[in-house]
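Below: one structure, written as structure tokens.
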Amino acid sequence: MKKLKGKILPIKIYGEEVLRLKSEPVIELNDEIRQFIADLTETMYKKDGVGLAAPQVGRSLRIFVVDPFWFQEGNKKDPLILINPEFIEFEGEESLEEGCLSLPDIYAKVNRAQKVIIEGFNENWEKVRIEAEDLFARALQHENDHLDGILFIDRVPKLKRIPFLKDLKQLEQKVIKSKLNS
Ligand code: CO
């Protein structure tokens, strides 16, 4: 199969409703979805992300891409695309700082499982089963949350969220303003 060239899609920012929806499962992998996956992947790399979920570019579909290590020295790009993913197992716990392309300049510690097993379909519509730990496991959990309308800031304990409330409000205001002007 020839490799599709992806184009860069605009990122939806905190305050956009699509980020809060429960995404729909993908029914079949057609050419349009294939192109969308290429676009999603290209957008992740161009925006320096380690993962990107379909709702973050305005599509309420259960698809995400992750590549937690591509920016490390000596590593090549190696995107993992998951369609209709489902966690099979969680193990352990670990708290580390996270960020998100939809929440620019906000970073906070989030508790996640240290190890996970996830199943889903890849970009060739083959069933895959992935075992991951540490940063890779965290990226999978973060991206899968997007498919359920959950943002990492929701997983930050209420008191620890207080320092970010002003920034969050500002992001929301920006979205409201851009809607009024369009
Ligand atoms: Co995110």
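By convention here, the chains of the structure tokens are called A, B, ... in the order presented, each chain's residues are numbered starting at 1, and ligands are numbered starting at 1 in the order presented.
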
Using only C-alpha atoms, which protein or nucleic acid residues come within 12 Å of A:Pro157? Drop anything in the same chain fewer than 3 positions from it, and give the result as a PyMOL selection string. chain A and resi 95+108-111+152-154+160-164

Open item on the list: Just want the 10 Å neighbourhood of stretch 79-91 of chain A, counted on only C-alpha atoms, with same-chain residues fewer than 6 positions away dropped. Output as a VMD selection string.
Closed with: chain A and resid 23 to 27 29 37 to 38 40 to 42 44 to 45 50 to 53 61 to 70 112 to 133 137 140 to 141 143 to 144 147

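The coordinates place atom CA of A:Gly15 at 11.0 Å from atom CA of A:Lys177.
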
So which residues are near ligand 1, meaning at most 9 Å away with only C-alpha atoms and all ligand atoms counted, given back as a list in words? Gly49, Gly51, Leu52, Ala53, Gln56, Glu98, Gly99, Cys100, Leu101, Ser102, Leu103, Ala139, His142, Glu143, Asp145, His146, Leu151 and Phe152 of chain A

* Could you pull out the strand (DSSP E) residues of stretch 6-156 of chain A from DSSP and send them as an MDAnalysis selection string? -> chainID A and resid 51:53 63:66 80:91 94:98 108:112 115:121 127:133

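The alpha helix (DSSP H) portion of stretch 123-153 of chain A consists of Asp134, Leu135, Phe136, Ala137, Arg138, Ala139, Leu140, Gln141, His142, Glu143, Asn144, Asp145, His146 and Leu147 of chain A, with states taken from DSSP on the backbone.
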
Could the residues in this selection be saved with N, CA and C atoms as a PDB file, in the first residue's frame?
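Output saved as again-v4.pdb:
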```pdb
ATOM      1  N   ASP A 134       5.468   2.669  31.795  1.00  0.00           N
ATOM      2  CA  ASP A 134       6.037   4.001  32.006  1.00  0.00           C
ATOM      3  C   ASP A 134       5.498   5.022  30.993  1.00  0.00           C
ATOM      4  N   LEU A 135       6.408   5.751  30.333  1.00  0.00           N
ATOM      5  CA  LEU A 135       5.972   6.849  29.466  1.00  0.00           C
ATOM      6  C   LEU A 135       5.021   6.377  28.349  1.00  0.00           C
ATOM      7  N   PHE A 136       5.312   5.215  27.803  1.00  0.00           N
ATOM      8  CA  PHE A 136       4.475   4.670  26.729  1.00  0.00           C
ATOM      9  C   PHE A 136       3.058   4.373  27.260  1.00  0.00           C
ATOM     10  N   ALA A 137       2.997   3.748  28.436  1.00  0.00           N
ATOM     11  CA  ALA A 137       1.697   3.437  29.057  1.00  0.00           C
ATOM     12  C   ALA A 137       0.921   4.721  29.365  1.00  0.00           C
ATOM     13  N   ARG A 138       1.659   5.724  29.823  1.00  0.00           N
ATOM     14  CA  ARG A 138       1.050   7.013  30.152  1.00  0.00           C
ATOM     15  C   ARG A 138       0.458   7.670  28.901  1.00  0.00           C
ATOM     16  N   ALA A 139       1.200   7.645  27.808  1.00  0.00           N
ATOM     17  CA  ALA A 139       0.710   8.250  26.562  1.00  0.00           C
ATOM     18  C   ALA A 139      -0.572   7.544  26.100  1.00  0.00           C
ATOM     19  N   LEU A 140      -0.603   6.236  26.209  1.00  0.00           N
ATOM     20  CA  LEU A 140      -1.800   5.488  25.794  1.00  0.00           C
ATOM     21  C   LEU A 140      -3.006   5.877  26.649  1.00  0.00           C
ATOM     22  N   GLN A 141      -2.786   6.022  27.951  1.00  0.00           N
ATOM     23  CA  GLN A 141      -3.892   6.376  28.847  1.00  0.00           C
ATOM     24  C   GLN A 141      -4.367   7.805  28.598  1.00  0.00           C
ATOM     25  N   HIS A 142      -3.407   8.698  28.376  1.00  0.00           N
ATOM     26  CA  HIS A 142      -3.741  10.101  28.104  1.00  0.00           C
ATOM     27  C   HIS A 142      -4.566  10.215  26.816  1.00  0.00           C
ATOM     28  N   GLU A 143      -4.109   9.538  25.754  1.00  0.00           N
ATOM     29  CA  GLU A 143      -4.809   9.644  24.468  1.00  0.00           C
ATOM     30  C   GLU A 143      -6.161   8.951  24.522  1.00  0.00           C
ATOM     31  N   ASN A 144      -6.217   7.799  25.182  1.00  0.00           N
ATOM     32  CA  ASN A 144      -7.501   7.096  25.266  1.00  0.00           C
ATOM     33  C   ASN A 144      -8.536   7.935  26.025  1.00  0.00           C
ATOM     34  N   ASP A 145      -8.083   8.660  27.043  1.00  0.00           N
ATOM     35  CA  ASP A 145      -8.980   9.568  27.777  1.00  0.00           C
ATOM     36  C   ASP A 145      -9.645  10.566  26.828  1.00  0.00           C
ATOM     37  N   HIS A 146      -8.885  11.073  25.857  1.00  0.00           N
ATOM     38  CA  HIS A 146      -9.451  12.039  24.907  1.00  0.00           C
ATOM     39  C   HIS A 146     -10.683  11.456  24.202  1.00  0.00           C
ATOM     40  N   LEU A 147     -10.670  10.151  23.968  1.00  0.00           N
ATOM     41  CA  LEU A 147     -11.794   9.525  23.253  1.00  0.00           C
ATOM     42  C   LEU A 147     -13.057   9.487  24.113  1.00  0.00           C
TER      43      LEU A 147
END
```

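Atom CA of A:Asp78 is positioned 17.0 Å from atom CA of A:Arg34.
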
Between atom CA of A:Gly58 and atom CA of A:Lys46 lies a distance of 17.1 Å

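Nearest to A:Asp48 of all the residues A:Leu159, A:Lys77, A:Tyr107, A:Leu21 is A:Lys77, counting only C-alpha atoms.
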
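When only C-alpha atoms are used to compute distances to A:Lys7, the closest of the residues A:Asp105, A:Glu93, A:Asp39, A:Glu172 turns out to be A:Asp39.
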